[in-house]
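**Q** Here it is, the structure in full.
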Protein chains: 2
Amino acid sequence: MRPLIFVTNDDGISSKGIRSLVSVAEEFGEVCIIAPDKPQSGMGHAITVNGILRLDKSRLFEGLNAYTCSGTPVDCVKLGIYELLKRKPDLILSGINHGENSSTNVLYSGTMSAAVEGAMENIPSVGFSLCDHSSEADFSGAQHVARQVIAAMLKNTFPANVCINVNVPKLPPDQIKGIRVARQAHAFWEDRFDKRFDQFGKPYYWLTGEFMNQNPSADTDLQAVEDGYASLVPTQFDMTAYEVMNEFKKWNL
Amino acid sequence: MRPLIFVTNDDGISSKGIRSLVSVAEEFGEVCIIAPDKPQSGMGHAITVNGILRLDKSRLFEGLNAYTCSGTPVDCVKLGIYELLKRKPDLILSGINHGENSSTNVLYSGTMSAAVEGAMENIPSVGFSLCDHSSEADFSGAQHVARQVIAAMLKNTFPANVCINVNVPKLPPDQIKGIRVARQAHAFWEDRFDKRFDQFGKPYYWLTGEFMNQNPSADTDLQAVEDGYASLVPTQFDMTAYEVMNEFKKWNL
């Protein structure tokens with residue numbers, strides 16, 4: 001039996017990134033797609049608990065089992081596993097995201113949250129992101145990397161309770177130096193709100209900002225990408241900060 | 001100068017939980033509130049990047065600097081730090097949530113994501129949750145615990161790059177046995193979609209499910225709450241799975 005590969009993303013079903021990923025996935029197995037019916041960037045690990053979900057057959061992927069979902073990327077994964085698929089998928093692929101999801105962006109990223117949800121379901125899962133926000137970005141380098149990563153995921157035993165976060169530099173395939181296993185860089189967004197006024201004179205805000213790298217260090221994902229490598233960060237859903245548990249115990253609460 | 005305490009939540013500004021938290025916070029410092037204008041449960045670390053944000057003065061908290069925000073809990077924190085407040089707050093308090101946020105629920109929880117965002121901004125931050133979903137829940141036990149935790153946060157040096165996740169059992173104050181520092185339990189949602197049909201015969205889904213504890217173990221937050229303690233889990237935003245980095249290096253990608 002060919003591997004069953006579930007594909008989702010956060011840019012929505014009509015994005016070039018998911019088409020690029022599906023065409024690679026088809027080389028490896030039977031592909032099923034559930035993707036948001038509209039862009040869901042920045043949705044993080046959001047799920048739809050106070051509203052209903054729609055799941056509609058999509059005609060965008062001829063011959064494939066493809067659906068749009070009215071919810072978030074994590075909703076797509078849950079609907080795939082618990083409603084649509086007859087068996088547990090062998091792989092979950094998310095992306096290819098239009099834009100970088102390295103460092104702390106893993107927390108905001110719908111692309112990566114879909115992969116984290118896969119890890120919680122004990123399914124080998126990966127989020128792919130290309131460091132190019134353009135809707136017409138060239139995904140050939142990211143496809144080249146995805147092909148290697150998917151082959152390795154199908155060949156090797158995948159560790160429990162983790163997924164992987166792969167970021168690919170904006171380079172042609174032959175200029176990507178390789179894939180470097182890295183850690184999540186410590187960075188944050190120095191936000192800025194662009195305050196504007198509507199036609200009634202009432203203020204509204206656009207969230208904008210600058211990404212601040214707090215530790216430029218060779219072993220981070222940000223540095224790997226800057227050095228021309230794709231970064232691969234093993235990503236876990238256990239957020240316990242074990243090393244400071246004793247500090248809090250000393251508070252004697 | 002009295003400490004500046006920023007308060008938010010995910011149940012929305014009109015919930016009983018945030019009123020209960022604000023009344024405790026006022027004992028300790030100057031309180032500023034930005035909370036969602038509608039329920040934002042399950043929004044995780046979502047931010048509003050494809051739409052605008054509104055920030056409106058609220059009259060629900062007389063004499064306090066209180067605002068509603070059209071966005072998510074993380075949007076509220078960002079607006080507080082980068083737009084509204086004149087200085088960095090000394091504490092960020094999120095909650096008190098109507099319902100438990102222990103174990104892997106930390107990933108789905110808007111309450112906890114607000115606290116995690118605070119940690120990324122290097123501000124001592126905490127999310128409080130009461131194990132009672134009712135809108136009319138009795139918050140006196142959770143207030144009792146919050147009072148102790150806030151006092152300790154103001155007295156002690158808070159570790160960098162973490163926040164804390166506090167879950168309080170549904171018990172009267174005098175029956176809560178104490179506060180136990182714990183780790184995030186390994187659990188997941190065995191989801192089930194309740195499929196219904198609208199007035200046009202078109203299907204829609206409600207997400208529902210059962211929470212499955214994968215490791216009933218004395219040192220977890222789930223067990224602490226079950227034993228009648230409030231749980232306190234130090235929670236970090238570095239999601240790197242360091243202990244499996246070498247496994248992936250062996251893939252020789």
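By convention in this document, the chains of the structure tokens carry letters A, B, ... by their order, each chain's residues are numbered from 1, and ligands are numbered from 1 in the order they are shown.
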Give me, as a VMD selection string, all polymer residues having an atom no more than 7 Å from region 33-49 of chain A, counting only C-alpha atoms and skipping those fewer than 3 positions away in the same chain.

**A** (chain A and resid 6 to 13 65 to 76 80 107 to 110 113) or (chain B and resid 42 to 49 107 to 108 207)

**Q** From a backbone DSSP assignment, name each residue in region 20-179 of chain B labelled strand (DSSP E), as number ranges by chain.

**A** B: 30-36, 55-57, 65-69, 91-98, 125-130, 162-168, 179

**Q** Just how far from CA of Leu84 (chain B) is CA of Cys32 (chain B), in Å to one decimal?

**A**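 Pair CA of Cys32 (chain B) / CA of Leu84 (chain B) returns 9.3 Å.
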
**Q** Can you pull out every residue within 12 Å of Arg87 (chain A), counting only C-alpha atoms, but drop anything in the same chain fewer than 4 positions away, and send it as a PDB file with C-alpha atoms, in the first residue's frame?

**A**
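Everything below was put into around18.pdb:
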```
ATOM      1  CA  PRO A   3       1.806   5.876   1.980  1.00  0.00           C
ATOM      2  CA  LEU A   4      -1.190   8.077   2.740  1.00  0.00           C
ATOM      3  CA  ILE A   5      -0.017  11.692   2.796  1.00  0.00           C
ATOM      4  CA  PHE A   6      -2.186  14.451   4.214  1.00  0.00           C
ATOM      5  CA  CYS A  32      -5.365  13.901   0.478  1.00  0.00           C
ATOM      6  CA  GLY A  80      -8.652  15.031   8.237  1.00  0.00           C
ATOM      7  CA  ILE A  81      -7.829  12.607  11.011  1.00  0.00           C
ATOM      8  CA  TYR A  82     -11.218  12.327  12.730  1.00  0.00           C
ATOM      9  CA  GLU A  83     -13.729  12.877   9.935  1.00  0.00           C
ATOM     10  CA  LEU A  91       2.675  11.724   6.931  1.00  0.00           C
ATOM     11  CA  ILE A 123       1.901  11.203  13.060  1.00  0.00           C
TER      12      ILE A 123
END
```

**Q** If you measure from CA of Gly99 (chain B) to CA of Ser217 (chain B), what distance in Å do you get, rounded to one decimal?

**A**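 Answer for the CA of Gly99 (chain B) to CA of Ser217 (chain B) separation: 21.4 Å.
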
**Q** So, with only C-alpha atoms as the atoms that count, which of A:Asn105, A:Ser135, A:Ser23, A:Asn97 lies closest to Phe211 (chain A)?

**A**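 Result for the nearest residue to Phe211 (chain A): A:Asn105.
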
**Q** What lies within 12 Å of Gln148 (chain A) using only C-alpha atoms, ignoring chain neighbours under 3 positions off, as a PyMOL selection string?

**A** (chain A and resi 24-25+27-28+141-145+151-155+166+173+178-179+230+232) or (chain B and resi 251-253)

**Q** Find, counting only C-alpha atoms, the residue in A:Gln214, A:Ser58, A:Thr104, A:Ser140 that gets nearest to chain B.

**A**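 Under the stated criterion, the closest residue is A:Thr104.
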
**Q** Give me the residues near Lys170 (chain B) as a PyMOL selection string, where near means some atom within 7 Å (using only C-alpha atoms) and where sequence neighbours in that chain fewer than 4 positions away do not count.

**A** chain B and resi 130-132

**Q** Could you tell me which of A:Gly201, A:Ile164, A:Leu21, A:Gly95 comes closest to Thr235 (chain A) if we count only C-alpha atoms?

**A**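 Residue with the minimum atom-to-atom distance to Thr235 (chain A): A:Ile164.
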
**Q** Can you list, as an mmCIF file with N, CA and C atoms, in the first residue's frame, all residues belonging to region 26-251 of chain B that DSSP tags as helix (DSSP H, G or I)?

**A**
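What landed in result_8.cif:
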```
data_model
loop_
_atom_site.group_PDB
_atom_site.id
_atom_site.type_symbol
_atom_site.label_atom_id
_atom_site.label_comp_id
_atom_site.auth_asym_id
_atom_site.auth_seq_id
_atom_site.Cartn_x
_atom_site.Cartn_y
_atom_site.Cartn_z
ATOM 1 N N PRO B 73 -6.338 37.438 22.136
ATOM 2 C CA PRO B 73 -5.599 37.763 23.369
ATOM 3 C C PRO B 73 -4.163 38.234 23.096
ATOM 4 N N VAL B 74 -3.470 37.591 22.131
ATOM 5 C CA VAL B 74 -2.093 38.029 21.832
ATOM 6 C C VAL B 74 -2.104 39.433 21.232
ATOM 7 N N ASP B 75 -3.087 39.745 20.379
ATOM 8 C CA ASP B 75 -3.238 41.128 19.889
ATOM 9 C C ASP B 75 -3.370 42.102 21.058
ATOM 10 N N CYS B 76 -4.155 41.719 22.060
ATOM 11 C CA CYS B 76 -4.362 42.596 23.237
ATOM 12 C C CYS B 76 -3.034 42.909 23.917
ATOM 13 N N VAL B 77 -2.200 41.878 24.093
ATOM 14 C CA VAL B 77 -0.899 42.084 24.746
ATOM 15 C C VAL B 77 -0.025 43.007 23.896
ATOM 16 N N LYS B 78 0.011 42.768 22.598
ATOM 17 C CA LYS B 78 0.832 43.598 21.709
ATOM 18 C C LYS B 78 0.343 45.054 21.727
ATOM 19 N N LEU B 79 -0.963 45.254 21.661
ATOM 20 C CA LEU B 79 -1.510 46.618 21.712
ATOM 21 C C LEU B 79 -1.182 47.286 23.046
ATOM 22 N N GLY B 80 -1.237 46.513 24.107
ATOM 23 C CA GLY B 80 -0.920 47.071 25.425
ATOM 24 C C GLY B 80 0.514 47.566 25.478
ATOM 25 N N ILE B 81 1.435 46.703 25.078
ATOM 26 C CA ILE B 81 2.857 47.032 25.198
ATOM 27 C C ILE B 81 3.277 48.105 24.203
ATOM 28 N N TYR B 82 2.827 47.999 22.963
ATOM 29 C CA TYR B 82 3.382 48.855 21.905
ATOM 30 C C TYR B 82 2.526 50.060 21.542
ATOM 31 N N GLU B 83 1.287 50.108 22.063
ATOM 32 C CA GLU B 83 0.437 51.235 21.681
ATOM 33 C C GLU B 83 -0.122 51.990 22.883
ATOM 34 N N LEU B 84 -0.656 51.249 23.851
ATOM 35 C CA LEU B 84 -1.423 51.926 24.893
ATOM 36 C C LEU B 84 -0.600 52.380 26.094
ATOM 37 N N ASN B 105 -3.453 21.620 26.506
ATOM 38 C CA ASN B 105 -4.381 22.718 26.240
ATOM 39 C C ASN B 105 -3.673 24.061 26.225
ATOM 40 N N VAL B 106 -2.465 24.100 26.782
ATOM 41 C CA VAL B 106 -1.672 25.332 26.737
ATOM 42 C C VAL B 106 -1.503 25.802 25.287
ATOM 43 N N LEU B 107 -1.466 24.876 24.333
ATOM 44 C CA LEU B 107 -1.266 25.241 22.924
ATOM 45 C C LEU B 107 -2.504 25.875 22.305
ATOM 46 N N TYR B 108 -3.680 25.427 22.705
ATOM 47 C CA TYR B 108 -4.930 25.942 22.131
ATOM 48 C C TYR B 108 -5.421 27.204 22.836
ATOM 49 N N GLY B 110 -6.057 30.678 24.369
ATOM 50 C CA GLY B 110 -5.781 32.100 24.195
ATOM 51 C C GLY B 110 -5.279 32.726 25.491
ATOM 52 N N THR B 111 -5.842 32.272 26.601
ATOM 53 C CA THR B 111 -5.404 32.753 27.918
ATOM 54 C C THR B 111 -3.902 32.553 28.085
ATOM 55 N N MET B 112 -3.438 31.338 27.828
ATOM 56 C CA MET B 112 -2.022 31.047 28.022
ATOM 57 C C MET B 112 -1.154 31.696 26.940
ATOM 58 N N SER B 113 -1.674 31.796 25.722
ATOM 59 C CA SER B 113 -0.865 32.419 24.666
ATOM 60 C C SER B 113 -0.574 33.879 24.991
ATOM 61 N N ALA B 114 -1.510 34.554 25.640
ATOM 62 C CA ALA B 114 -1.256 35.934 26.073
ATOM 63 C C ALA B 114 -0.085 35.964 27.047
ATOM 64 N N ALA B 115 -0.035 34.989 27.958
ATOM 65 C CA ALA B 115 1.072 34.927 28.918
ATOM 66 C C ALA B 115 2.389 34.583 28.214
ATOM 67 N N VAL B 116 2.332 33.666 27.248
ATOM 68 C CA VAL B 116 3.541 33.295 26.492
ATOM 69 C C VAL B 116 4.071 34.514 25.722
ATOM 70 N N GLU B 117 3.157 35.290 25.160
ATOM 71 C CA GLU B 117 3.569 36.520 24.467
ATOM 72 C C GLU B 117 4.275 37.468 25.446
ATOM 73 N N GLY B 118 3.759 37.540 26.666
ATOM 74 C CA GLY B 118 4.415 38.353 27.692
ATOM 75 C C GLY B 118 5.833 37.873 27.962
ATOM 76 N N ALA B 119 6.010 36.545 28.017
ATOM 77 C CA ALA B 119 7.351 35.990 28.232
ATOM 78 C C ALA B 119 8.288 36.387 27.097
ATOM 79 N N MET B 120 7.776 36.371 25.857
ATOM 80 C CA MET B 120 8.599 36.752 24.704
ATOM 81 C C MET B 120 9.024 38.220 24.802
ATOM 82 N N SER B 140 -13.787 32.308 43.868
ATOM 83 C CA SER B 140 -13.105 32.667 45.121
ATOM 84 C C SER B 140 -11.848 31.828 45.365
ATOM 85 N N GLY B 141 -11.881 30.549 44.997
ATOM 86 C CA GLY B 141 -10.689 29.707 45.141
ATOM 87 C C GLY B 141 -9.572 30.181 44.226
ATOM 88 N N ALA B 142 -9.918 30.481 42.994
ATOM 89 C CA ALA B 142 -8.925 30.947 42.023
ATOM 90 C C ALA B 142 -8.371 32.312 42.439
ATOM 91 N N GLN B 143 -9.212 33.163 43.020
ATOM 92 C CA GLN B 143 -8.732 34.463 43.504
ATOM 93 C C GLN B 143 -7.734 34.290 44.638
ATOM 94 N N HIS B 144 -8.038 33.354 45.509
ATOM 95 C CA HIS B 144 -7.155 33.037 46.637
ATOM 96 C C HIS B 144 -5.768 32.616 46.122
ATOM 97 N N VAL B 145 -5.759 31.747 45.119
ATOM 98 C CA VAL B 145 -4.491 31.293 44.532
ATOM 99 C C VAL B 145 -3.804 32.441 43.792
ATOM 100 N N ALA B 146 -4.575 33.208 43.026
ATOM 101 C CA ALA B 146 -3.995 34.310 42.248
ATOM 102 C C ALA B 146 -3.294 35.316 43.167
ATOM 103 N N ARG B 147 -3.921 35.568 44.301
ATOM 104 C CA ARG B 147 -3.351 36.518 45.275
ATOM 105 C C ARG B 147 -1.960 36.060 45.721
ATOM 106 N N GLN B 148 -1.823 34.771 46.008
ATOM 107 C CA GLN B 148 -0.524 34.230 46.441
ATOM 108 C C GLN B 148 0.514 34.309 45.319
ATOM 109 N N VAL B 149 0.070 33.942 44.098
ATOM 110 C CA VAL B 149 1.005 33.900 42.966
ATOM 111 C C VAL B 149 1.472 35.313 42.606
ATOM 112 N N ILE B 150 0.549 36.260 42.574
ATOM 113 C CA ILE B 150 0.918 37.638 42.215
ATOM 114 C C ILE B 150 1.894 38.214 43.256
ATOM 115 N N ALA B 151 1.605 37.977 44.532
ATOM 116 C CA ALA B 151 2.507 38.459 45.592
ATOM 117 C C ALA B 151 3.906 37.886 45.396
ATOM 118 N N ALA B 152 3.976 36.588 45.076
ATOM 119 C CA ALA B 152 5.283 35.946 44.888
ATOM 120 C C ALA B 152 5.991 36.471 43.642
ATOM 121 N N MET B 153 5.230 36.762 42.589
ATOM 122 C CA MET B 153 5.842 37.290 41.352
ATOM 123 C C MET B 153 6.450 38.666 41.603
ATOM 124 N N LEU B 154 5.809 39.454 42.455
ATOM 125 C CA LEU B 154 6.313 40.804 42.730
ATOM 126 C C LEU B 154 7.502 40.775 43.696
ATOM 127 N N LYS B 155 7.593 39.710 44.483
ATOM 128 C CA LYS B 155 8.645 39.615 45.501
ATOM 129 C C LYS B 155 9.922 38.978 44.954
ATOM 130 N N PRO B 173 -11.916 28.017 48.621
ATOM 131 C CA PRO B 173 -10.543 28.381 48.997
ATOM 132 C C PRO B 173 -9.968 27.484 50.094
ATOM 133 N N ASP B 174 -10.750 27.176 51.108
ATOM 134 C CA ASP B 174 -10.179 26.431 52.242
ATOM 135 C C ASP B 174 -10.002 24.946 51.948
ATOM 136 N N GLN B 175 -10.470 24.499 50.783
ATOM 137 C CA GLN B 175 -10.248 23.087 50.432
ATOM 138 C C GLN B 175 -9.137 22.907 49.394
ATOM 139 N N ASP B 221 0.570 18.481 35.829
ATOM 140 C CA ASP B 221 -0.447 19.462 36.213
ATOM 141 C C ASP B 221 -1.826 18.813 36.366
ATOM 142 N N LEU B 222 -2.144 17.890 35.480
ATOM 143 C CA LEU B 222 -3.448 17.218 35.580
ATOM 144 C C LEU B 222 -3.607 16.526 36.929
ATOM 145 N N GLN B 223 -2.527 15.862 37.369
ATOM 146 C CA GLN B 223 -2.597 15.132 38.628
ATOM 147 C C GLN B 223 -2.683 16.089 39.814
ATOM 148 N N ALA B 224 -1.942 17.193 39.743
ATOM 149 C CA ALA B 224 -1.982 18.176 40.831
ATOM 150 C C ALA B 224 -3.416 18.648 41.057
ATOM 151 N N VAL B 225 -4.077 18.990 39.966
ATOM 152 C CA VAL B 225 -5.457 19.479 40.071
ATOM 153 C C VAL B 225 -6.371 18.385 40.613
ATOM 154 N N GLU B 226 -6.151 17.170 40.120
ATOM 155 C CA GLU B 226 -6.964 16.050 40.606
ATOM 156 C C GLU B 226 -6.752 15.801 42.103
ATOM 157 N N TYR B 242 15.472 19.510 21.854
ATOM 158 C CA TYR B 242 16.935 19.347 21.844
ATOM 159 C C TYR B 242 17.365 17.887 21.877
ATOM 160 N N GLU B 243 16.633 17.060 22.658
ATOM 161 C CA GLU B 243 17.085 15.685 22.878
ATOM 162 C C GLU B 243 16.971 14.789 21.643
ATOM 163 N N VAL B 244 16.295 15.261 20.596
ATOM 164 C CA VAL B 244 16.250 14.426 19.380
ATOM 165 C C VAL B 244 17.008 15.068 18.210
ATOM 166 N N MET B 245 17.732 16.150 18.470
ATOM 167 C CA MET B 245 18.474 16.791 17.387
ATOM 168 C C MET B 245 19.468 15.816 16.742
ATOM 169 N N ASN B 246 20.112 15.001 17.587
ATOM 170 C CA ASN B 246 21.089 14.063 17.026
ATOM 171 C C ASN B 246 20.443 12.985 16.163
ATOM 172 N N GLU B 247 19.226 12.591 16.519
ATOM 173 C CA GLU B 247 18.531 11.597 15.688
ATOM 174 C C GLU B 247 18.363 12.135 14.257
ATOM 175 N N PHE B 248 17.989 13.411 14.173
ATOM 176 C CA PHE B 248 17.784 13.991 12.832
ATOM 177 C C PHE B 248 19.114 14.208 12.119
ATOM 178 N N LYS B 249 20.167 14.503 12.885
ATOM 179 C CA LYS B 249 21.487 14.666 12.244
ATOM 180 C C LYS B 249 21.915 13.349 11.583
#
```

**Q** Could you check how far CA of Glu121 (chain B) sits from CA of Pro89 (chain B), in Å to one decimal?

**A** 10.3 Å

**Q** Could you tell me which of B:Gly29, B:Gly228, B:Pro234, B:Gly127 comes closest to chain A if we count only C-alpha atoms?

**A**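 Looking only at the distances to chain A, the closest residue turns out to be B:Pro234.
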